[in-house]
Every structure is written in structure tokens, then in C-alpha cells.
>>> print(open('structure-v9.cif').read())   # mmCIF, N, CA and C atoms
data_work
loop_
_atom_site.label_atom_id
_atom_site.label_comp_id
_atom_site.auth_asym_id
_atom_site.auth_seq_id
_atom_site.Cartn_x
_atom_site.Cartn_y
_atom_site.Cartn_z
N MET A 1 -68.41 19.54 -47.02
CA MET A 1 -69.45 18.56 -47.25
C MET A 1 -70.76 19.09 -46.70
N ARG A 2 -71.77 19.15 -47.53
CA ARG A 2 -73.06 19.68 -47.11
C ARG A 2 -74.13 18.62 -47.31
N ILE A 3 -74.95 18.44 -46.31
CA ILE A 3 -76.10 17.54 -46.41
C ILE A 3 -77.30 18.41 -46.76
N GLU A 4 -77.83 18.25 -47.95
CA GLU A 4 -78.94 19.07 -48.41
C GLU A 4 -80.26 18.35 -48.20
N LYS A 5 -81.35 19.08 -48.34
CA LYS A 5 -82.69 18.51 -48.19
C LYS A 5 -83.27 18.18 -49.54
N CYS A 6 -83.98 17.07 -49.60
CA CYS A 6 -84.69 16.69 -50.81
C CYS A 6 -85.81 17.71 -51.04
N TYR A 7 -85.95 18.16 -52.27
CA TYR A 7 -86.97 19.16 -52.59
C TYR A 7 -88.37 18.60 -52.39
N PHE A 8 -88.56 17.32 -52.66
CA PHE A 8 -89.90 16.73 -52.64
C PHE A 8 -90.30 16.25 -51.24
N CYS A 9 -89.45 15.42 -50.62
CA CYS A 9 -89.87 14.80 -49.35
C CYS A 9 -89.17 15.37 -48.12
N SER A 10 -88.21 16.26 -48.29
CA SER A 10 -87.49 16.92 -47.21
C SER A 10 -86.58 16.00 -46.41
N SER A 11 -86.25 14.84 -46.93
CA SER A 11 -85.29 13.99 -46.24
C SER A 11 -83.88 14.42 -46.63
N PRO A 12 -82.86 14.02 -45.86
CA PRO A 12 -81.50 14.48 -46.17
C PRO A 12 -80.94 13.83 -47.44
N CYS A 13 -80.23 14.64 -48.22
CA CYS A 13 -79.52 14.17 -49.42
C CYS A 13 -78.03 14.21 -49.12
N TYR A 14 -77.42 13.07 -48.94
CA TYR A 14 -76.00 13.01 -48.63
C TYR A 14 -75.18 13.14 -49.91
N PRO A 15 -73.95 13.62 -49.79
CA PRO A 15 -73.11 13.79 -50.98
C PRO A 15 -72.93 12.47 -51.72
N GLY A 16 -73.09 12.51 -53.03
CA GLY A 16 -72.95 11.32 -53.86
C GLY A 16 -74.21 10.50 -53.99
N HIS A 17 -75.28 10.93 -53.35
CA HIS A 17 -76.55 10.20 -53.40
C HIS A 17 -77.61 11.06 -54.07
N GLY A 18 -78.61 10.43 -54.63
CA GLY A 18 -79.71 11.14 -55.24
C GLY A 18 -79.32 11.81 -56.54
N MET A 19 -80.11 12.80 -56.93
CA MET A 19 -79.82 13.50 -58.18
C MET A 19 -80.21 14.96 -58.06
N LYS A 20 -79.64 15.75 -58.94
CA LYS A 20 -79.91 17.18 -58.97
C LYS A 20 -80.50 17.52 -60.33
N PHE A 21 -81.62 18.23 -60.31
CA PHE A 21 -82.27 18.67 -61.54
C PHE A 21 -82.11 20.18 -61.62
N VAL A 22 -81.62 20.67 -62.76
CA VAL A 22 -81.45 22.11 -62.96
C VAL A 22 -82.42 22.55 -64.05
N ARG A 23 -83.32 23.44 -63.69
CA ARG A 23 -84.33 23.94 -64.62
C ARG A 23 -83.71 25.00 -65.54
N ASN A 24 -84.42 25.36 -66.61
CA ASN A 24 -83.90 26.34 -67.57
C ASN A 24 -83.62 27.70 -66.95
N ASP A 25 -84.34 28.05 -65.89
CA ASP A 25 -84.07 29.33 -65.23
C ASP A 25 -82.97 29.20 -64.17
N SER A 26 -82.23 28.09 -64.23
CA SER A 26 -81.08 27.77 -63.36
C SER A 26 -81.46 27.57 -61.89
N LYS A 27 -82.71 27.23 -61.60
CA LYS A 27 -83.09 26.84 -60.24
C LYS A 27 -82.78 25.35 -60.10
N THR A 28 -82.13 25.01 -58.99
CA THR A 28 -81.74 23.61 -58.80
C THR A 28 -82.67 22.93 -57.81
N PHE A 29 -82.92 21.66 -58.06
CA PHE A 29 -83.75 20.82 -57.20
C PHE A 29 -82.94 19.58 -56.85
N ARG A 30 -82.82 19.27 -55.55
CA ARG A 30 -82.13 18.06 -55.13
C ARG A 30 -83.18 17.02 -54.76
N PHE A 31 -82.95 15.78 -55.19
CA PHE A 31 -83.85 14.68 -54.86
C PHE A 31 -83.04 13.57 -54.21
N CYS A 32 -83.58 12.97 -53.17
CA CYS A 32 -82.85 11.94 -52.43
C CYS A 32 -82.88 10.60 -53.17
N ARG A 33 -83.92 10.34 -53.94
CA ARG A 33 -84.04 9.07 -54.66
C ARG A 33 -84.93 9.27 -55.88
N SER A 34 -84.97 8.25 -56.72
CA SER A 34 -85.73 8.36 -57.96
C SER A 34 -87.23 8.48 -57.71
N LYS A 35 -87.70 7.95 -56.60
CA LYS A 35 -89.11 8.05 -56.25
C LYS A 35 -89.55 9.52 -56.16
N CYS A 36 -88.72 10.33 -55.51
CA CYS A 36 -89.03 11.75 -55.38
C CYS A 36 -88.93 12.46 -56.73
N HIS A 37 -87.92 12.09 -57.51
CA HIS A 37 -87.73 12.70 -58.82
C HIS A 37 -88.91 12.38 -59.74
N ARG A 38 -89.37 11.14 -59.74
CA ARG A 38 -90.52 10.74 -60.56
C ARG A 38 -91.77 11.53 -60.19
N ASN A 39 -92.01 11.65 -58.87
CA ASN A 39 -93.20 12.37 -58.43
C ASN A 39 -93.13 13.85 -58.78
N PHE A 40 -91.93 14.41 -58.72
CA PHE A 40 -91.74 15.81 -59.13
C PHE A 40 -92.03 15.96 -60.61
N ASN A 41 -91.54 15.02 -61.43
CA ASN A 41 -91.77 15.08 -62.87
C ASN A 41 -93.24 14.90 -63.22
N LYS A 42 -93.97 14.16 -62.38
CA LYS A 42 -95.41 13.98 -62.60
C LYS A 42 -96.21 15.17 -62.08
N LYS A 43 -95.50 16.20 -61.60
CA LYS A 43 -96.11 17.43 -61.10
C LYS A 43 -97.03 17.17 -59.90
N ARG A 44 -96.65 16.24 -59.07
CA ARG A 44 -97.43 15.96 -57.86
C ARG A 44 -97.09 16.97 -56.78
N ASN A 45 -98.07 17.29 -55.99
CA ASN A 45 -97.89 18.25 -54.90
C ASN A 45 -97.42 17.49 -53.66
N PRO A 46 -96.26 17.84 -53.09
CA PRO A 46 -95.77 17.12 -51.90
C PRO A 46 -96.72 17.21 -50.71
N ARG A 47 -97.55 18.26 -50.66
CA ARG A 47 -98.49 18.38 -49.55
C ARG A 47 -99.64 17.39 -49.64
N LYS A 48 -99.81 16.75 -50.83
CA LYS A 48 -100.90 15.80 -51.00
C LYS A 48 -100.41 14.36 -51.09
N VAL A 49 -99.11 14.14 -51.00
CA VAL A 49 -98.54 12.79 -51.05
C VAL A 49 -98.24 12.38 -49.62
N ALA A 50 -98.84 11.29 -49.18
CA ALA A 50 -98.91 10.96 -47.75
C ALA A 50 -97.57 10.69 -47.09
N TRP A 51 -96.53 10.31 -47.80
CA TRP A 51 -95.28 9.93 -47.15
C TRP A 51 -94.28 11.08 -47.03
N THR A 52 -94.65 12.29 -47.43
CA THR A 52 -93.72 13.41 -47.38
C THR A 52 -93.86 14.19 -46.07
N LYS A 53 -92.82 14.93 -45.73
CA LYS A 53 -92.86 15.76 -44.53
C LYS A 53 -93.87 16.88 -44.67
N ALA A 54 -94.00 17.42 -45.88
CA ALA A 54 -94.96 18.51 -46.12
C ALA A 54 -96.39 18.04 -45.81
N TYR A 55 -96.72 16.81 -46.19
CA TYR A 55 -98.04 16.24 -45.91
C TYR A 55 -98.25 16.15 -44.39
N ARG A 56 -97.24 15.62 -43.70
CA ARG A 56 -97.36 15.43 -42.26
C ARG A 56 -97.53 16.76 -41.53
N LYS A 57 -96.83 17.78 -42.01
CA LYS A 57 -96.93 19.09 -41.36
C LYS A 57 -98.28 19.75 -41.65
N THR A 58 -98.78 19.64 -42.88
CA THR A 58 -100.06 20.27 -43.19
C THR A 58 -101.21 19.57 -42.49
N ARG A 59 -101.09 18.27 -42.23
CA ARG A 59 -102.15 17.53 -41.54
C ARG A 59 -102.04 17.61 -40.02
N GLY A 60 -101.01 18.29 -39.52
CA GLY A 60 -100.85 18.46 -38.07
C GLY A 60 -100.26 17.25 -37.39
N LYS A 61 -99.58 16.38 -38.12
CA LYS A 61 -99.00 15.19 -37.52
C LYS A 61 -97.57 15.44 -37.04
N GLU A 62 -96.95 16.53 -37.50
CA GLU A 62 -95.62 16.93 -37.05
C GLU A 62 -95.63 18.39 -36.69
N MET A 63 -94.66 18.78 -35.85
CA MET A 63 -94.57 20.18 -35.47
C MET A 63 -94.26 21.02 -36.70
N SER A 64 -94.97 22.12 -36.86
CA SER A 64 -94.70 23.00 -38.00
C SER A 64 -94.10 24.33 -37.54
N VAL A 65 -94.34 24.70 -36.28
CA VAL A 65 -93.79 25.94 -35.74
C VAL A 65 -93.03 25.61 -34.47
N ASP A 66 -91.73 25.90 -34.48
CA ASP A 66 -90.90 25.67 -33.31
C ASP A 66 -89.62 26.48 -33.45
N GLY A 67 -89.09 26.94 -32.36
CA GLY A 67 -87.88 27.76 -32.39
C GLY A 67 -86.64 27.00 -32.81
N THR A 68 -86.66 25.68 -32.66
CA THR A 68 -85.47 24.90 -33.02
C THR A 68 -85.28 24.79 -34.52
N PHE A 69 -86.30 25.11 -35.31
CA PHE A 69 -86.16 25.02 -36.77
C PHE A 69 -85.24 26.11 -37.31
N GLU A 70 -85.07 27.20 -36.57
CA GLU A 70 -84.22 28.30 -37.01
C GLU A 70 -82.76 27.85 -37.14
N PHE A 71 -82.35 26.89 -36.34
CA PHE A 71 -80.96 26.44 -36.35
C PHE A 71 -80.63 25.65 -37.61
N GLU A 72 -81.66 25.17 -38.30
CA GLU A 72 -81.44 24.37 -39.51
C GLU A 72 -81.23 25.23 -40.75
N ALA A 73 -81.33 26.54 -40.60
CA ALA A 73 -81.23 27.43 -41.76
C ALA A 73 -79.86 27.28 -42.42
N ARG A 74 -79.86 27.41 -43.73
CA ARG A 74 -78.63 27.25 -44.50
C ARG A 74 -77.83 28.55 -44.46
N ARG A 75 -76.56 28.43 -44.07
CA ARG A 75 -75.69 29.61 -43.99
C ARG A 75 -74.52 29.42 -44.94
N ASN A 76 -74.29 30.39 -45.79
CA ASN A 76 -73.24 30.28 -46.79
C ASN A 76 -72.00 31.12 -46.47
N ARG A 77 -71.96 31.72 -45.31
CA ARG A 77 -70.80 32.54 -44.96
C ARG A 77 -69.67 31.65 -44.48
N PRO A 78 -68.50 31.71 -45.13
CA PRO A 78 -67.38 30.88 -44.68
C PRO A 78 -66.79 31.42 -43.37
N VAL A 79 -66.45 30.51 -42.49
CA VAL A 79 -65.88 30.88 -41.19
C VAL A 79 -64.53 30.19 -41.05
N LYS A 80 -63.55 30.92 -40.58
CA LYS A 80 -62.22 30.35 -40.40
C LYS A 80 -62.30 29.25 -39.34
N TYR A 81 -61.60 28.16 -39.58
CA TYR A 81 -61.65 27.01 -38.69
C TYR A 81 -61.08 27.37 -37.32
N ASP A 82 -61.82 27.04 -36.30
CA ASP A 82 -61.37 27.25 -34.92
C ASP A 82 -61.85 26.05 -34.12
N ARG A 83 -60.91 25.34 -33.53
CA ARG A 83 -61.25 24.08 -32.85
C ARG A 83 -62.25 24.30 -31.72
N ASP A 84 -62.08 25.37 -30.94
CA ASP A 84 -63.01 25.63 -29.84
C ASP A 84 -64.41 25.93 -30.37
N LEU A 85 -64.46 26.72 -31.44
CA LEU A 85 -65.76 27.06 -32.03
C LEU A 85 -66.48 25.82 -32.55
N VAL A 86 -65.73 24.92 -33.18
CA VAL A 86 -66.33 23.69 -33.68
C VAL A 86 -66.87 22.85 -32.53
N GLY A 87 -66.10 22.76 -31.45
CA GLY A 87 -66.55 22.00 -30.28
C GLY A 87 -67.83 22.57 -29.69
N LYS A 88 -67.88 23.90 -29.55
CA LYS A 88 -69.08 24.54 -29.02
C LYS A 88 -70.27 24.35 -29.96
N THR A 89 -70.00 24.44 -31.26
CA THR A 89 -71.07 24.29 -32.25
C THR A 89 -71.67 22.88 -32.18
N ILE A 90 -70.81 21.88 -32.10
CA ILE A 90 -71.30 20.50 -32.03
C ILE A 90 -72.09 20.28 -30.74
N GLY A 91 -71.61 20.84 -29.65
CA GLY A 91 -72.35 20.74 -28.38
C GLY A 91 -73.71 21.39 -28.48
N ALA A 92 -73.75 22.57 -29.11
CA ALA A 92 -75.03 23.27 -29.27
C ALA A 92 -75.97 22.49 -30.17
N MET A 93 -75.43 21.90 -31.24
CA MET A 93 -76.27 21.11 -32.14
C MET A 93 -76.89 19.92 -31.42
N GLN A 94 -76.10 19.26 -30.58
CA GLN A 94 -76.63 18.12 -29.83
C GLN A 94 -77.71 18.56 -28.85
N ARG A 95 -77.49 19.70 -28.19
CA ARG A 95 -78.48 20.21 -27.24
C ARG A 95 -79.79 20.58 -27.96
N VAL A 96 -79.68 21.22 -29.12
CA VAL A 96 -80.86 21.58 -29.90
C VAL A 96 -81.61 20.32 -30.32
N GLN A 97 -80.88 19.28 -30.70
CA GLN A 97 -81.52 18.01 -31.09
C GLN A 97 -82.27 17.39 -29.92
N GLU A 98 -81.66 17.43 -28.73
CA GLU A 98 -82.35 16.90 -27.53
C GLU A 98 -83.63 17.67 -27.26
N ILE A 99 -83.56 19.00 -27.34
CA ILE A 99 -84.74 19.82 -27.10
C ILE A 99 -85.83 19.51 -28.11
N ARG A 100 -85.44 19.40 -29.38
CA ARG A 100 -86.42 19.11 -30.43
C ARG A 100 -87.08 17.76 -30.21
N GLU A 101 -86.29 16.74 -29.85
CA GLU A 101 -86.87 15.41 -29.63
C GLU A 101 -87.85 15.43 -28.47
N ALA A 102 -87.50 16.15 -27.39
CA ALA A 102 -88.41 16.25 -26.25
C ALA A 102 -89.71 16.94 -26.65
N ARG A 103 -89.60 18.01 -27.44
CA ARG A 103 -90.80 18.73 -27.87
C ARG A 103 -91.64 17.88 -28.81
N GLU A 104 -91.00 17.06 -29.65
CA GLU A 104 -91.76 16.19 -30.55
C GLU A 104 -92.53 15.14 -29.77
N VAL A 105 -91.91 14.61 -28.70
CA VAL A 105 -92.60 13.63 -27.86
C VAL A 105 -93.80 14.28 -27.19
N ASP A 106 -93.63 15.49 -26.66
CA ASP A 106 -94.74 16.21 -26.04
C ASP A 106 -95.86 16.48 -27.05
N PHE A 107 -95.47 16.88 -28.26
CA PHE A 107 -96.45 17.16 -29.32
C PHE A 107 -97.25 15.91 -29.65
N TYR A 108 -96.56 14.77 -29.76
CA TYR A 108 -97.22 13.50 -30.06
C TYR A 108 -98.18 13.12 -28.94
N ASN A 109 -97.73 13.25 -27.69
CA ASN A 109 -98.58 12.89 -26.56
C ASN A 109 -99.83 13.78 -26.49
N ASP A 110 -99.67 15.06 -26.77
CA ASP A 110 -100.83 15.96 -26.79
C ASP A 110 -101.81 15.56 -27.89
N ARG A 111 -101.27 15.16 -29.04
CA ARG A 111 -102.12 14.75 -30.15
C ARG A 111 -102.87 13.46 -29.84
N MET A 112 -102.24 12.56 -29.09
CA MET A 112 -102.83 11.25 -28.82
C MET A 112 -103.81 11.26 -27.66
N LYS A 113 -103.85 12.35 -26.86
CA LYS A 113 -104.81 12.42 -25.75
C LYS A 113 -106.24 12.27 -26.26
N ASP A 114 -106.57 13.00 -27.30
CA ASP A 114 -107.92 12.94 -27.87
C ASP A 114 -108.19 11.56 -28.47
N ALA A 115 -107.16 10.96 -29.06
CA ALA A 115 -107.33 9.65 -29.69
C ALA A 115 -107.66 8.58 -28.64
N LYS A 116 -107.02 8.68 -27.46
CA LYS A 116 -107.30 7.70 -26.40
C LYS A 116 -108.76 7.79 -25.97
N ALA A 117 -109.25 9.00 -25.78
CA ALA A 117 -110.63 9.18 -25.37
C ALA A 117 -111.58 8.66 -26.45
N GLN A 118 -111.26 8.91 -27.69
CA GLN A 118 -112.09 8.43 -28.80
C GLN A 118 -112.10 6.91 -28.85
N LYS A 119 -110.94 6.28 -28.64
CA LYS A 119 -110.88 4.81 -28.65
C LYS A 119 -111.70 4.21 -27.52
N LYS A 120 -111.63 4.82 -26.35
CA LYS A 120 -112.41 4.32 -25.21
C LYS A 120 -113.90 4.41 -25.50
N LYS A 121 -114.31 5.53 -26.10
CA LYS A 121 -115.73 5.72 -26.42
C LYS A 121 -116.18 4.68 -27.43
N GLU A 122 -115.38 4.43 -28.46
CA GLU A 122 -115.72 3.42 -29.47
C GLU A 122 -115.77 2.03 -28.86
N ALA A 123 -114.85 1.74 -27.94
CA ALA A 123 -114.84 0.43 -27.29
C ALA A 123 -116.10 0.24 -26.44
N ARG A 124 -116.53 1.28 -25.74
CA ARG A 124 -117.75 1.17 -24.91
C ARG A 124 -118.97 0.92 -25.78
N VAL A 125 -119.04 1.64 -26.91
CA VAL A 125 -120.18 1.45 -27.83
C VAL A 125 -120.18 0.02 -28.36
N GLU A 126 -119.01 -0.48 -28.70
CA GLU A 126 -118.91 -1.84 -29.22
C GLU A 126 -119.31 -2.87 -28.19
N ILE A 127 -118.92 -2.65 -26.93
CA ILE A 127 -119.27 -3.58 -25.85
C ILE A 127 -120.78 -3.56 -25.62
N GLU A 128 -121.37 -2.37 -25.63
CA GLU A 128 -122.82 -2.26 -25.42
C GLU A 128 -123.60 -2.95 -26.53
N LYS A 129 -123.11 -2.84 -27.77
CA LYS A 129 -123.78 -3.50 -28.88
C LYS A 129 -123.68 -5.02 -28.78
N GLY A 130 -122.53 -5.49 -28.29
CA GLY A 130 -122.29 -6.93 -28.18
C GLY A 130 -123.06 -7.58 -27.05
N VAL A 131 -123.40 -6.79 -26.01
CA VAL A 131 -124.07 -7.35 -24.83
C VAL A 131 -125.56 -7.25 -24.95
#
>>> encode(input="structure-v9.cif", output="C-alpha cells")
Amino acid sequence: MRIEKCYFCSSPCYPGHGMKFVRNDSKTFRFCRSKCHRNFNKKRNPRKVAWTKAYRKTRGKEMSVDGTFEFEARRNRPVKYDRDLVGKTIGAMQRVQEIREAREVDFYNDRMKDAKAQKKKEARVEIEKGV
């Protein structure tokens, strides 16, 4: 069972959900829902549609460079089942997720530092105008 990424919005596509489009050159596109499929058919650029991950990354609202993204790479090499290996893998996946969440919180806080200063400045200007 493989959880794939939506081609348009980068959200997860679970088995049995969404749709797959196969182009004439046999390139496949997975879509999580009809909304993504419609936008793809309308030839919209995911980097310009505000609700996609590509938009958020290009606008600097999400991390775009981080070492934890390497673990998400798709690997097609079959590995013989080993209970210990599976246990270690799941533990490592959980640890990587914790690290990523901590880094995302730090990234958000760094981004919001400037916003706090800007809000304070705007509030002072508004108070001075009102008085």
C-alpha cells in the first residue's frame, strides 16, 4: 500500500481515493480530489493557486529547504520483511516527524517576529491619529 502525493496540491492520495490521469506519453498524474483535477485540466499553475503547497513554498510561508525532506523520497527497491527493521524504521519515521514539526514551529515564529513589530507600529499610528 503506497500513499502517493497529489500532483497539483501535494496532499496525500490514499489508495482508493482520488483519480489517476495518464497522458499519451504514459506519464501518470495522481489527484487527491476533483478540485485538483479540474484545475490541472484548466492548465492552472499550482504555484499561483493560493491553497496549494507549491504556492505556500514559493511565497515563503512554508519551509522549502530542510534535511528532513530527503526521508520522504520515493524508493522502489523491494526489501525482505524483517520485524526488527520495520520497528526501527517506524521509530525513525516518528523521530523525523518530531524534528520536522519542531523546525516548522521555529520557522513560523521567525516569520512572525517581523509581523509583530509591524502590527505594533500600525497600532501606534492608529492611536496617534485617534488622539
>>> resolve_selection(input="structure-v9.cif", expression="the PyMOL selection byres ((chain A and resi 20) around 7)", output="number ranges by chain")
A: 18-19, 21-22, 28-31
>>> atom_distance(input="structure-v9.cif", atom1="atom CA of A:Cys36", atom2="atom CA of A:Thr58")
18.5 Å
>>> residues_around(input="structure-v9.cif", residues="stretch 100-108 of chain A", least_positions_apart="3", cutoff="8 Å", atoms="all atoms listed in the file", output="VMD selection string")
chain A and resid 61 to 63 68 to 69 94 to 97 111 to 113
>>> closest_residue(input="structure-v9.cif", among="A:Thr52, A:Lys129, A:Pro78, A:Glu98", to="A:Ser11", atoms="all atoms listed in the file")
A:Thr52
>>> select_by_dssp(input="structure-v9.cif", residues="chain A", states="helix (DSSP H, G or I)", output="ChimeraX atom specification")
/A:34-41,46-48,53-58,67-72,83-130
>>> closest_residue(input="structure-v9.cif", among="A:Tyr7, A:His37, A:Gly130, A:Lys120", to="A:Ala54", atoms="only C-alpha atoms")
A:Tyr7
>>> atom_distance(input="structure-v9.cif", atom1="atom CA of A:Arg59", atom2="atom CA of A:Arg47")
8.8 Å
>>> select_by_dssp(input="structure-v9.cif", residues="chain A", states="strand (DSSP E)", output="list in words")
Glu4, Lys5, Pro12, Cys13, Met19, Lys20, Phe21, Val22, Thr28, Phe29, Arg30 and Phe31 of chain A
>>> axis_aligned_box(input="structure-v9.cif", around="stretch 19-31 of chain A", padding_each_side="6 Å", output="lines of an AutoDock Vina configuration file")
center_x = -82.0
center_y = 21.1
center_z = -60.9
size_x = 16.8
size_y = 28.5
size_z = 25.4
>>> atom_distance(input="structure-v9.cif", atom1="atom CA of A:Ala92", atom2="atom CA of A:Glu72")
12.1 Å
>>> closest_residue(input="structure-v9.cif", among="A:Arg33, A:Lys119, A:Lys43, A:Arg2", to="A:Arg75", atoms="only C-alpha atoms")
A:Arg2
>>> closest_residue(input="structure-v9.cif", among="A:Phe71, A:Phe8, A:Lys27, A:Leu85", to="A:Val49", atoms="only C-alpha atoms")
A:Phe8
